[in-house]
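Shown next: my_file_38.txt, given as compact mmCIF, C-alpha atoms.
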# COMPACT_ATOMS: atom_id res chain seq x y z
CA MET M 108 214.68 -6.81 19.98
CA ASP M 109 214.43 -9.55 17.36
CA PHE M 110 210.82 -10.39 18.34
CA ASP M 111 207.94 -9.16 20.44
CA LEU M 112 207.36 -12.69 21.77
CA ILE M 113 209.38 -15.90 21.78
CA ILE M 114 207.40 -19.04 22.56
CA ILE M 115 209.30 -22.14 23.65
CA GLY M 116 207.37 -25.28 22.78
CA ALA M 117 204.97 -25.94 19.90
CA GLY M 118 202.32 -28.00 21.66
CA PRO M 119 198.72 -26.80 22.18
CA GLY M 120 199.85 -24.13 24.63
CA GLY M 121 202.54 -22.88 22.25
CA TYR M 122 201.30 -23.09 18.67
CA VAL M 123 197.82 -21.78 19.44
CA ALA M 124 199.31 -18.83 21.32
CA ALA M 125 201.75 -18.21 18.47
CA GLU M 126 199.03 -18.02 15.84
CA ARG M 127 196.93 -15.67 17.97
CA SER M 128 199.99 -13.56 18.78
CA ALA M 129 200.76 -13.10 15.09
CA GLU M 130 197.11 -12.32 14.34
CA LEU M 131 197.27 -9.53 16.94
CA GLY M 132 200.30 -7.99 15.25
CA LEU M 133 203.10 -9.23 17.51
CA LYS M 134 206.28 -10.38 15.82
CA THR M 135 206.41 -13.97 17.02
CA ALA M 136 208.88 -16.84 17.04
CA VAL M 137 208.33 -20.43 18.16
CA VAL M 138 211.24 -22.63 19.20
CA GLU M 139 210.65 -26.39 19.12
CA LYS M 140 213.30 -29.10 19.31
CA GLY M 141 210.90 -31.86 18.32
CA GLN M 142 207.89 -32.11 16.06
CA LEU M 143 205.18 -29.49 15.82
CA GLY M 144 202.16 -30.29 17.95
CA GLY M 145 204.04 -31.35 21.07
CA THR M 146 202.96 -34.27 23.23
CA CYS M 147 199.24 -33.87 22.53
CA LEU M 148 199.53 -34.29 18.79
CA ASN M 149 202.47 -36.69 18.59
CA ARG M 150 202.39 -38.81 21.77
CA GLY M 151 199.12 -38.00 23.50
CA CYS M 152 195.61 -36.79 22.71
CA MET M 153 195.43 -37.32 18.97
CA PRO M 154 197.16 -40.68 18.44
CA THR M 155 195.30 -42.07 21.45
CA LYS M 156 191.96 -41.03 19.98
CA ALA M 157 192.90 -42.50 16.60
CA LEU M 158 193.62 -45.85 18.25
CA LEU M 159 190.46 -45.63 20.36
CA HIS M 160 188.39 -44.98 17.24
CA ALA M 161 189.82 -48.03 15.49
CA ALA M 162 189.38 -50.20 18.57
CA LYS M 163 185.80 -49.04 19.03
CA GLN M 164 184.95 -49.78 15.40
CA LEU M 165 186.36 -53.28 15.82
CA SER M 166 184.28 -53.79 18.95
CA HIS M 167 181.14 -52.60 17.13
CA MET M 168 181.77 -54.97 14.22
CA ARG M 169 182.27 -57.91 16.55
CA SER M 170 178.93 -57.18 18.23
CA ALA M 171 177.07 -56.58 14.95
CA GLY M 172 175.06 -59.76 15.44
CA ALA M 173 172.95 -57.96 18.05
CA LEU M 174 171.73 -55.71 15.23
CA GLY M 175 171.00 -58.59 12.89
CA LEU M 176 174.15 -57.99 10.89
CA ILE M 177 176.56 -60.72 9.81
CA ALA M 178 180.24 -59.88 10.18
CA ASP M 179 182.16 -63.15 10.39
CA GLY M 180 185.91 -63.34 10.75
CA VAL M 181 186.38 -59.72 11.80
CA ASP M 182 189.99 -59.05 12.74
CA TYR M 183 192.57 -56.28 12.63
CA ASP M 184 196.03 -55.59 11.26
CA PHE M 185 197.97 -53.86 14.05
CA ASN M 186 200.53 -52.32 11.70
CA ALA M 187 197.82 -50.98 9.41
CA VAL M 188 196.03 -49.43 12.40
CA GLN M 189 199.28 -47.70 13.34
CA ARG M 190 199.73 -46.40 9.80
CA CYS M 191 196.22 -44.96 9.82
CA LYS M 192 196.97 -43.24 13.15
CA ASN M 193 200.23 -41.85 11.76
CA VAL M 194 198.53 -40.43 8.67
CA ALA M 195 196.09 -38.48 10.84
CA VAL M 196 198.91 -37.16 13.03
CA ASP M 197 200.98 -36.16 9.98
CA GLN M 198 198.06 -34.26 8.47
CA LEU M 199 197.43 -32.35 11.68
CA ARG M 200 201.11 -31.55 12.07
CA GLU M 201 201.24 -30.22 8.52
CA GLY M 202 198.24 -28.06 9.32
CA ILE M 203 200.19 -26.35 12.10
CA ALA M 204 203.15 -25.76 9.78
CA GLN M 205 200.87 -24.22 7.18
CA GLY M 206 199.25 -22.05 9.83
CA PHE M 207 202.66 -20.71 10.86
CA LYS M 208 203.49 -19.84 7.26
CA LEU M 209 200.14 -18.21 6.63
CA LYS M 210 200.33 -16.05 9.76
CA LYS M 211 204.05 -15.35 9.45
CA VAL M 212 205.13 -17.06 12.66
CA THR M 213 208.89 -17.74 12.67
CA HIS M 214 209.48 -21.43 13.40
CA LEU M 215 212.94 -22.22 14.77
CA VAL M 216 214.03 -25.85 15.11
CA GLY M 217 216.45 -26.44 17.95
CA THR M 218 216.97 -26.68 21.70
CA ALA M 219 216.14 -23.49 23.56
CA GLN M 220 217.75 -22.16 26.70
CA ILE M 221 216.77 -18.95 28.43
CA THR M 222 220.05 -17.17 29.19
CA ALA M 223 218.60 -13.81 30.36
CA PRO M 224 215.10 -12.40 30.97
CA ASN M 225 214.84 -11.27 27.33
CA THR M 226 217.25 -13.69 25.63
CA VAL M 227 216.91 -17.22 24.32
CA SER M 228 219.75 -19.30 22.93
CA VAL M 229 218.69 -21.70 20.17
CA ASP M 230 221.47 -24.25 19.73
CA GLY M 231 223.93 -21.55 20.73
CA GLU M 232 222.51 -18.69 18.64
CA ALA M 233 220.95 -15.87 20.69
CA ILE M 234 217.64 -14.24 19.86
CA THR M 235 215.82 -11.61 21.92
CA ALA M 236 212.26 -10.60 22.65
CA ALA M 237 210.28 -8.25 24.87
CA ASN M 238 208.59 -11.29 26.42
CA ILE M 239 209.08 -15.06 26.57
CA LEU M 240 206.36 -17.68 26.90
CA ILE M 241 207.25 -21.19 28.13
CA ALA M 242 204.98 -23.96 26.84
CA THR M 243 207.25 -27.00 27.19
CA GLY M 244 204.59 -29.32 28.58
CA SER M 245 205.20 -32.47 30.60
CA ALA M 246 206.80 -35.91 30.48
CA PRO M 247 205.68 -39.29 31.86
CA VAL M 248 206.57 -39.95 35.49
CA ARG M 249 208.77 -42.97 36.00
CA PRO M 250 208.26 -44.04 39.63
CA PRO M 251 211.12 -45.70 41.57
CA ILE M 252 209.81 -49.23 41.12
CA PRO M 253 212.47 -51.96 40.89
CA GLY M 254 212.36 -53.51 37.42
CA LEU M 255 210.85 -50.49 35.70
CA ASP M 256 213.78 -50.51 33.26
CA LEU M 257 213.12 -54.08 32.05
CA PRO M 258 212.33 -54.65 28.37
CA GLY M 259 208.55 -54.58 27.89
CA VAL M 260 207.95 -51.90 30.51
CA VAL M 261 206.81 -48.76 28.70
CA THR M 262 205.19 -45.37 29.12
CA SER M 263 202.54 -43.80 26.92
CA ASP M 264 205.35 -42.37 24.76
CA GLU M 265 206.32 -45.84 23.56
CA LEU M 266 202.74 -47.05 23.05
CA LEU M 267 202.01 -43.98 20.94
CA SER M 268 205.21 -44.02 18.91
CA PRO M 269 204.75 -44.41 15.13
CA GLU M 270 205.18 -48.19 15.32
CA GLY M 271 203.29 -48.73 18.61
CA ARG M 272 203.43 -51.91 20.71
CA ASP M 273 201.00 -54.83 20.37
CA PHE M 274 201.01 -56.69 23.68
CA ARG M 275 198.91 -59.83 24.18
CA GLN M 276 198.61 -59.13 27.90
CA LEU M 277 199.01 -55.67 29.38
CA VAL M 278 199.35 -54.67 33.02
CA ILE M 279 198.65 -50.98 33.57
CA ILE M 280 200.09 -49.32 36.66
CA GLY M 281 197.77 -46.38 37.29
CA GLY M 282 194.01 -45.97 37.07
CA GLY M 283 193.94 -42.35 35.93
CA VAL M 284 192.89 -40.97 32.56
CA ILE M 285 195.90 -42.30 30.62
CA GLY M 286 195.60 -45.76 32.12
CA MET M 287 191.86 -45.96 31.50
CA GLU M 288 192.11 -44.98 27.85
CA PHE M 289 194.79 -47.58 27.14
CA ALA M 290 192.76 -50.16 29.02
CA ALA M 291 189.85 -49.37 26.68
CA ILE M 292 192.06 -49.64 23.58
CA TYR M 293 193.72 -52.95 24.38
CA ARG M 294 190.59 -54.61 25.74
CA ALA M 295 188.61 -53.62 22.62
CA LEU M 296 191.40 -55.22 20.57
CA GLY M 297 190.77 -58.43 22.48
CA ARG M 298 193.84 -58.24 24.72
CA ALA M 299 193.96 -59.22 28.39
CA VAL M 300 194.23 -56.15 30.62
CA THR M 301 194.93 -55.72 34.33
CA VAL M 302 194.82 -52.33 36.06
CA ILE M 303 196.64 -51.72 39.35
CA GLU M 304 195.73 -48.48 41.17
CA ALA M 305 197.07 -47.25 44.51
CA ALA M 306 193.96 -45.16 45.30
CA PRO M 307 190.67 -46.63 46.56
CA ARG M 308 189.02 -45.98 43.19
CA LEU M 309 189.68 -45.43 39.51
CA LEU M 310 189.83 -41.84 38.22
CA PRO M 311 190.24 -40.60 41.81
CA ALA M 312 190.01 -36.94 40.79
CA MET M 313 186.54 -37.34 39.28
CA ASP M 314 183.03 -37.80 40.67
CA ARG M 315 182.80 -40.89 42.90
CA GLU M 316 179.76 -42.28 41.08
CA ILE M 317 181.64 -42.10 37.79
CA SER M 318 184.55 -44.02 39.32
CA GLN M 319 182.30 -46.71 40.72
CA SER M 320 180.30 -47.10 37.51
CA LEU M 321 183.47 -47.29 35.42
CA ALA M 322 184.93 -50.03 37.63
CA MET M 323 181.75 -52.08 37.25
CA LEU M 324 181.73 -51.69 33.46
CA LEU M 325 185.42 -52.54 33.07
CA LYS M 326 185.02 -55.69 35.13
CA LYS M 327 182.00 -56.61 32.99
CA GLN M 328 184.25 -56.21 29.93
CA GLY M 329 186.78 -58.61 31.43
CA ILE M 330 189.38 -56.17 32.73
CA GLU M 331 191.01 -57.15 36.03
CA ILE M 332 191.17 -54.30 38.54
CA ALA M 333 193.17 -54.08 41.76
CA LEU M 334 192.46 -51.01 43.91
CA ASN M 335 194.28 -49.90 47.06
CA ALA M 336 197.22 -51.80 45.60
CA ARG M 337 200.92 -50.91 45.81
CA VAL M 338 203.35 -52.17 43.17
CA GLU M 339 206.47 -53.55 44.84
CA ARG M 340 208.58 -54.68 41.88
CA ILE M 341 208.58 -55.95 38.31
CA VAL M 342 210.53 -59.10 37.51
CA ASP M 343 211.18 -61.37 34.55
CA ALA M 344 208.77 -64.27 34.22
CA GLU M 345 208.65 -67.36 32.04
CA ASP M 346 206.31 -65.78 29.47
CA GLY M 347 207.29 -62.15 29.91
CA LEU M 348 207.01 -60.03 33.02
CA ALA M 349 205.47 -60.33 36.46
CA VAL M 350 204.22 -57.33 38.42
CA ILE M 351 204.38 -58.04 42.15
CA TYR M 352 201.99 -55.91 44.19
CA THR M 353 200.42 -55.75 47.63
CA ASP M 354 196.61 -55.76 47.57
CA LYS M 355 194.22 -53.93 49.91
CA LYS M 356 194.44 -56.77 52.43
CA GLY M 357 198.21 -56.51 52.56
CA GLU M 358 198.71 -59.77 50.71
CA GLU M 359 201.31 -60.14 47.96
CA CYS M 360 199.84 -60.75 44.50
CA CYS M 361 201.24 -61.26 41.02
CA ALA M 362 200.00 -60.15 37.60
CA GLU M 363 201.79 -61.58 34.56
CA ALA M 364 201.95 -60.01 31.12
CA ASP M 365 204.24 -59.44 28.16
CA GLY M 366 203.82 -55.66 28.54
CA VAL M 367 203.61 -53.25 31.47
CA LEU M 368 202.46 -49.65 31.09
CA ALA M 369 203.60 -47.15 33.73
CA ALA M 370 200.80 -44.57 33.74
CA VAL M 371 201.11 -42.95 37.15
CA GLY M 372 201.06 -39.37 35.93
CA ARG M 373 203.13 -36.71 34.21
CA ARG M 374 205.65 -34.16 35.48
CA ALA M 375 206.36 -30.62 34.36
CA TYR M 376 209.16 -30.62 31.78
CA PHE M 377 211.65 -27.76 31.60
CA ASP M 378 214.90 -29.70 31.96
CA GLY M 379 217.88 -27.51 31.06
CA LEU M 380 215.67 -24.63 29.98
CA PHE M 381 217.19 -22.04 32.31
CA ALA M 382 220.87 -21.16 32.25
CA ASP M 383 222.87 -21.33 35.47
CA GLY M 384 222.08 -18.40 37.73
CA LEU M 385 218.66 -17.82 36.19
CA CYS M 386 216.26 -19.70 38.43
CA PRO M 387 212.52 -18.92 38.66
CA GLU M 388 210.40 -19.95 41.62
CA THR M 389 209.18 -23.55 41.50
CA ALA M 390 206.87 -25.77 43.55
CA HIS M 391 206.79 -29.55 43.37
CA GLY M 392 208.96 -29.49 40.28
CA ALA M 393 206.77 -27.05 38.33
CA LEU M 394 206.95 -23.32 37.59
CA VAL M 395 205.10 -21.01 39.96
CA CYS M 396 203.11 -18.35 38.10
CA SER M 397 200.93 -15.37 38.96
CA GLN M 398 197.25 -15.22 38.04
CA HIS M 399 198.41 -13.75 34.73
CA PHE M 400 200.81 -16.69 34.15
CA GLU M 401 203.96 -14.66 34.74
CA THR M 402 206.81 -16.51 36.46
CA SER M 403 208.88 -14.94 39.22
CA ILE M 404 211.11 -13.52 36.45
CA LYS M 405 209.47 -10.44 34.94
CA GLY M 406 208.63 -10.84 31.26
CA ILE M 407 208.82 -14.66 31.32
CA PHE M 408 205.44 -16.39 31.24
CA ALA M 409 204.42 -20.06 31.29
CA VAL M 410 201.27 -22.02 30.41
CA GLY M 411 200.05 -25.60 30.34
CA ASP M 412 201.49 -28.66 32.03
CA VAL M 413 204.73 -26.92 32.98
CA ILE M 414 203.08 -24.67 35.59
CA ALA M 415 202.34 -25.56 39.21
CA GLY M 416 198.75 -26.69 39.76
CA SER M 417 198.13 -27.39 36.09
CA VAL M 418 195.12 -29.53 35.18
CA GLN M 419 197.30 -30.97 32.37
CA LEU M 420 194.75 -30.63 29.58
CA ALA M 421 195.54 -29.46 26.06
CA HIS M 422 192.55 -27.14 25.78
CA ALA M 423 193.45 -25.51 29.10
CA ALA M 424 196.98 -24.83 27.84
CA SER M 425 195.62 -23.29 24.64
CA ALA M 426 193.22 -21.04 26.55
CA GLN M 427 195.99 -19.95 28.92
CA GLY M 428 198.30 -19.17 26.02
CA ILE M 429 195.65 -17.04 24.34
CA SER M 430 195.05 -15.24 27.62
CA VAL M 431 198.74 -14.35 27.94
CA VAL M 432 198.96 -13.14 24.35
CA HIS M 433 195.85 -10.97 24.66
CA ARG M 434 197.26 -9.32 27.77
CA LEU M 435 200.61 -8.65 26.07
CA ALA M 436 198.83 -7.18 23.04
CA GLY M 437 196.62 -4.98 25.21
CA ARG M 438 193.48 -6.82 24.19
CA PRO M 439 190.64 -7.95 26.49
CA ILE M 440 190.72 -11.53 27.78
CA THR M 441 187.99 -13.44 25.96
CA THR M 442 188.07 -16.81 27.75
CA ASN M 443 186.86 -17.73 31.24
CA LEU M 444 189.69 -19.87 32.63
CA ASN M 445 187.79 -20.96 35.75
CA TYR M 446 185.85 -23.79 34.12
CA VAL M 447 187.81 -26.40 32.22
CA PRO M 448 185.98 -29.51 30.94
CA SER M 449 187.69 -32.85 31.57
CA CYS M 450 187.15 -35.82 29.26
CA VAL M 451 187.98 -39.52 29.37
CA TYR M 452 187.57 -41.42 26.10
CA VAL M 453 186.47 -44.82 27.36
CA ASP M 454 183.22 -46.62 26.51
CA PRO M 455 180.94 -45.00 27.49
CA GLU M 456 182.71 -41.65 27.41
CA ILE M 457 183.17 -39.57 30.55
CA ALA M 458 183.11 -35.79 30.82
CA SER M 459 182.80 -33.26 33.61
CA VAL M 460 182.93 -29.52 34.20
CA GLY M 461 182.48 -27.34 37.26
CA MET M 462 181.75 -28.68 40.75
CA THR M 463 180.74 -32.18 41.80
CA GLU M 464 178.26 -32.87 44.60
CA ALA M 465 181.13 -33.69 46.94
CA GLN M 466 182.99 -30.48 46.12
CA ALA M 467 179.85 -28.41 46.67
CA LYS M 468 179.28 -30.10 50.03
CA ALA M 469 182.88 -29.48 51.07
CA ALA M 470 182.44 -25.80 50.15
CA GLY M 471 179.21 -25.57 52.16
CA ILE M 472 177.04 -24.93 49.09
CA PRO M 473 173.53 -26.47 49.24
CA VAL M 474 172.65 -27.93 45.84
CA LEU M 475 169.90 -29.47 43.79
CA VAL M 476 170.98 -32.46 41.74
CA GLY M 477 169.28 -33.62 38.58
CA LYS M 478 170.21 -37.07 37.33
CA THR M 479 168.92 -39.35 34.60
CA PRO M 480 170.06 -42.76 33.37
CA THR M 481 170.84 -42.67 29.65
CA LEU M 482 169.52 -46.17 28.99
CA ALA M 483 166.07 -44.54 28.91
CA ASN M 484 167.22 -42.39 25.98
CA GLY M 485 165.87 -43.61 22.64
CA LYS M 486 169.09 -42.96 20.71
CA SER M 487 171.09 -44.85 23.34
CA LEU M 488 168.75 -47.83 23.08
CA ILE M 489 168.87 -47.87 19.29
CA GLU M 490 172.67 -47.78 19.25
CA HIS M 491 172.99 -50.41 22.01
CA CYS M 492 175.07 -48.07 24.18
CA GLU M 493 176.46 -49.08 27.54
CA ARG M 494 174.54 -47.94 30.61
CA GLY M 495 175.40 -44.45 31.80
CA PHE M 496 174.02 -41.30 33.33
CA ILE M 497 173.97 -37.51 33.23
CA LYS M 498 174.14 -35.53 36.45
CA LEU M 499 173.62 -31.77 36.72
CA VAL M 500 174.45 -29.87 39.90
CA PHE M 501 172.49 -26.65 40.57
CA ARG M 502 173.09 -24.21 43.42
CA ALA M 503 169.97 -24.53 45.60
CA GLU M 504 169.78 -20.80 46.39
CA ASP M 505 169.12 -19.65 42.84
CA GLU M 506 169.21 -22.87 40.76
CA VAL M 507 172.24 -21.68 38.78
CA LEU M 508 174.08 -24.58 37.15
CA ILE M 509 177.49 -25.03 38.82
CA GLY M 510 178.56 -28.51 37.69
CA ALA M 511 177.92 -31.41 35.33
CA GLN M 512 179.14 -35.00 35.26
CA LEU M 513 178.39 -37.22 32.27
CA MET M 514 179.09 -40.88 31.67
CA CYS M 515 177.35 -41.82 28.44
CA ALA M 516 177.71 -42.03 24.68
CA ARG M 517 179.08 -38.78 23.17
CA ALA M 518 179.69 -37.33 26.65
CA THR M 519 182.80 -35.50 25.41
CA ASP M 520 180.65 -33.60 22.91
CA LEU M 521 177.59 -33.17 25.14
CA ILE M 522 179.63 -31.51 27.89
CA ALA M 523 179.83 -28.37 25.74
CA ALA M 524 176.23 -27.42 26.58
CA PRO M 525 176.62 -27.54 30.38
CA ALA M 526 180.00 -25.78 30.11
CA LEU M 527 178.37 -22.97 28.13
CA ALA M 528 175.59 -22.71 30.72
CA ILE M 529 177.98 -22.67 33.69
CA VAL M 530 180.27 -20.01 32.24
CA ASN M 531 177.28 -17.78 31.55
CA GLY M 532 175.60 -18.37 34.91
CA LEU M 533 172.43 -19.89 33.48
CA THR M 534 169.69 -21.14 35.79
CA ARG M 535 167.83 -24.42 35.57
CA ARG M 536 164.84 -22.55 34.13
CA GLN M 537 166.98 -20.97 31.42
CA PHE M 538 168.61 -24.33 30.68
CA LEU M 539 165.16 -25.87 30.21
CA GLN M 540 164.05 -23.14 27.80
CA VAL M 541 166.11 -24.74 25.05
CA ILE M 542 164.29 -27.27 22.86
CA LEU M 543 166.63 -30.15 22.08
CA PRO M 544 165.98 -32.30 18.99
CA HIS M 545 164.53 -35.81 19.07
CA PRO M 546 165.84 -38.45 18.86
CA THR M 547 169.30 -37.41 20.09
CA PHE M 548 171.66 -38.17 22.94
CA SER M 549 171.35 -34.52 23.99
CA GLU M 550 167.74 -35.01 25.13
CA SER M 551 169.08 -36.56 28.34
CA LEU M 552 170.44 -33.16 29.34
CA THR M 553 166.89 -31.83 29.49
CA LYS M 554 165.72 -34.90 31.38
CA ALA M 555 168.44 -34.46 34.01
CA ALA M 556 167.55 -30.80 34.48
CA GLU M 557 163.89 -31.73 34.98
CA GLU M 558 164.58 -34.28 37.68
CA VAL M 559 166.19 -32.55 40.62
CA ARG M 560 166.34 -33.39 44.30
CA ALA M 561 167.63 -31.48 47.29
CA LYS M 562 171.13 -32.50 48.33

When written as structure tokens, how does the structure in this file appear?
Amino acid sequence: MDFDLIIIGAGPGGYVAAERSAELGLKTAVVEKGQLGGTCLNRGCMPTKALLHAAKQLSHMRSAGALGLIADGVDYDFNAVQRCKNVAVDQLREGIAQGFKLKKVTHLVGTAQITAPNTVSVDGEAITAANILIATGSAPVRPPIPGLDLPGVVTSDELLSPEGRDFRQLVIIGGGVIGMEFAAIYRALGRAVTVIEAAPRLLPAMDREISQSLAMLLKKQGIEIALNARVERIVDAEDGLAVIYTDKKGEECCAEADGVLAAVGRRAYFDGLFADGLCPETAHGALVCSQHFETSIKGIFAVGDVIAGSVQLAHAASAQGISVVHRLAGRPITTNLNYVPSCVYVDPEIASVGMTEAQAKAAGIPVLVGKTPTLANGKSLIEHCERGFIKLVFRAEDEVLIGAQLMCARATDLIAAPALAIVNGLTRRQFLQVILPHPTFSESLTKAAEEVRAK
């Protein structure tokens, strides 16, 4: 065999697994036809957060008067913002390349195809390995909406390209995580934004109270929201495009803009990866895997967005990849894969881990719920943060923490503490034993744990 492990795809599921594989002594190769870092680094997590950071800074400067600060004539240079984003992405990409060199991971540039259980063809040249790991990620879904191919209709790939797109008015089809983050970016830049969502609420996979609070805040910020709405078609209009949709009453409505973002989800991507006659089991267009992430073909594993039932989160893909590598190297699994935090980088931020109240109820688990509004937090008041809350869900039987939902400043950082507690089975009493510093945003975690009610 040429290698112990061939990894196809150099996104978070692939490059993290490759570095750990090499550290554990496995001879490792990574095949990537595009840029190192995959979707997350190049067209997803990182460029989105760079744009969100710039947009949030602009918003803060424009509201500086509330702090007694004078910041007249604040504006932004869209092209300069894009360049700043690109510099950050380039630096992170170079970091991966350096990591490969340092740990002696073989990086092969080209299109991979699995031609046999232990063989991969890279642009026609065969290499072999004892095991193969697929980490090819996902691609934006393009729903069958008439007019979706018109100029000005884009996916997140186009908005996060090196040059970006600066629309004056943006209609977003989809109220999930991707749609919400772009709504936050463009609204903070002062652009008109309309969100059209087919479900009864935004972020339908998250806690209902978070969805309702987010809708209220977005409307307060001037974002138009249409729920229970079905997009019928997109047509040319005098000043750009018109999105024709049916609202919750069944009436036909129209939203005009010069840009339309299709953000209805992502699909597993492994187009052309398997040679004819080599077909693993699939479900709903994704690869079916065992609990150890092995496909129906022995020795071929898969992690991340490409597998059936994936939560489509970069950190989940990385953890899964490490789990596979540890098993192949005969090492113990170090990560609990049952609890994966989810984050949405809007203002205020949203984060959750474990079970919600509704999920606990559906599972027949009596709970105690501790909740506190973050406006009562001193740090939140000082920094003029938007209203939010922290909710902790404890199992009533033994008061073990089983879930947390946060919608507040720094939620995506604060979620680490509840996640740590949940994974380690900590009780409310143990959670309250920790003294948190004052004044900090984290104090609200203690406050939520103190205020519980039977549910």

Nearest-residue call for Ala204 (chain M), choices M:Ile317, M:Leu143, M:Leu539, M:Leu240, using all atoms listed in the file: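 Under the stated criterion, the closest residue is M:Leu143.
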
Close residues, region 490-494 of chain M itself excluded, 12 Å, all atoms listed in the file, min 2 positions apart in chain, as a VMD selection string: chain M and resid 163 167 170 to 174 317 320 to 321 323 to 325 327 to 328 453 to 456 479 to 488 496 to 497 513 to 518 546 to 548

Can you tell me which residues surround region 334-339 of chain M at a distance of at most 12 Å, considering all atoms listed in the file, apart from same-chain residues fewer than 2 positions away, and format the answer as a compact mmCIF listing (two decimals) with C-alpha atoms, in the coordinates of the input?
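The result, stored in part25.txt:
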# COMPACT_ATOMS: atom_id res chain seq x y z
CA PRO M 250 208.26 -44.04 39.63
CA PRO M 251 211.12 -45.70 41.57
CA ILE M 252 209.81 -49.23 41.12
CA PRO M 253 212.47 -51.96 40.89
CA GLY M 254 212.36 -53.51 37.42
CA LEU M 255 210.85 -50.49 35.70
CA VAL M 278 199.35 -54.67 33.02
CA ILE M 279 198.65 -50.98 33.57
CA ILE M 280 200.09 -49.32 36.66
CA GLY M 281 197.77 -46.38 37.29
CA GLY M 282 194.01 -45.97 37.07
CA GLY M 283 193.94 -42.35 35.93
CA THR M 301 194.93 -55.72 34.33
CA VAL M 302 194.82 -52.33 36.06
CA ILE M 303 196.64 -51.72 39.35
CA GLU M 304 195.73 -48.48 41.17
CA ALA M 305 197.07 -47.25 44.51
CA ALA M 306 193.96 -45.16 45.30
CA PRO M 307 190.67 -46.63 46.56
CA ARG M 308 189.02 -45.98 43.19
CA LEU M 309 189.68 -45.43 39.51
CA LEU M 310 189.83 -41.84 38.22
CA PRO M 311 190.24 -40.60 41.81
CA SER M 318 184.55 -44.02 39.32
CA GLN M 319 182.30 -46.71 40.72
CA ALA M 322 184.93 -50.03 37.63
CA GLU M 331 191.01 -57.15 36.03
CA ILE M 332 191.17 -54.30 38.54
CA ILE M 341 208.58 -55.95 38.31
CA VAL M 342 210.53 -59.10 37.51
CA ALA M 349 205.47 -60.33 36.46
CA VAL M 350 204.22 -57.33 38.42
CA ILE M 351 204.38 -58.04 42.15
CA TYR M 352 201.99 -55.91 44.19
CA THR M 353 200.42 -55.75 47.63
CA ASP M 354 196.61 -55.76 47.57
CA LYS M 355 194.22 -53.93 49.91
CA LYS M 356 194.44 -56.77 52.43
CA GLY M 357 198.21 -56.51 52.56
CA GLU M 358 198.71 -59.77 50.71
CA GLU M 359 201.31 -60.14 47.96
CA CYS M 360 199.84 -60.75 44.50
CA CYS M 361 201.24 -61.26 41.02
CA ALA M 362 200.00 -60.15 37.60
CA VAL M 367 203.61 -53.25 31.47
CA ALA M 369 203.60 -47.15 33.73
CA VAL M 371 201.11 -42.95 37.15

Interatomic distance, CA of Ala344 (chain M) to CA of Phe274 (chain M) (Å, one decimal):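 About the pair CA of Ala344 (chain M) and CA of Phe274 (chain M): they are 15.1 Å apart.
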
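When only C-alpha atoms are used to compute distances to Ala393 (chain M), the closest of the residues M:Gly297, M:Ser430, M:Gly244, M:Asp314 turns out to be M:Gly244.
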
Within 9 Å of region 210-228 of chain M, which residues of region 344-389 of chain M come that close, and what is the closest atom pair and distance in Å for each? Count all atoms listed in the file and give it as JSON lines.
{"residue": "M:Gly379", "atom": "CA", "partner": "M:Gln220", "partner_atom": "CA", "distance": 6.9}
{"residue": "M:Leu380", "atom": "CA", "partner": "M:Gln220", "partner_atom": "CA", "distance": 4.6}
{"residue": "M:Phe381", "atom": "CA", "partner": "M:Ile221", "partner_atom": "CA", "distance": 5.0}
{"residue": "M:Ala382", "atom": "CA", "partner": "M:Thr222", "partner_atom": "CA", "distance": 5.1}
{"residue": "M:Asp383", "atom": "CA", "partner": "M:Thr222", "partner_atom": "CA", "distance": 8.0}
{"residue": "M:Gly384", "atom": "CA", "partner": "M:Thr222", "partner_atom": "CA", "distance": 8.9}
{"residue": "M:Leu385", "atom": "CA", "partner": "M:Ala223", "partner_atom": "CA", "distance": 7.1}

Shortest interatomic distance to Val541 (chain M) - which of M:Glu363, M:Ala528, M:Asn149, M:Val261, counting only C-alpha atoms: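 For Val541 (chain M), the nearest of the candidates is M:Ala528.
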
Exercise: Gln276 (chain M) partners within 8 Å, all atoms listed in the file, chain neighbours under 4 positions left out, as a ChimeraX atom specification: /M:298-300,363-366

Nearest to Ala426 (chain M) by atom-to-atom distance, counting all atoms listed in the file, from M:Val413, M:Ala556, M:Ala291, M:Ile440: M:Ile440

Separation of CA of Ile114 (chain M) from CA of Val138 (chain M) in Å: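 Atom-to-atom, CA of Val138 (chain M) to CA of Ile114 (chain M), that is 6.2 Å.
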
Gap from CA of Leu148 (chain M) to CA of Arg169 (chain M) - Å, one decimal: 29.3 Å
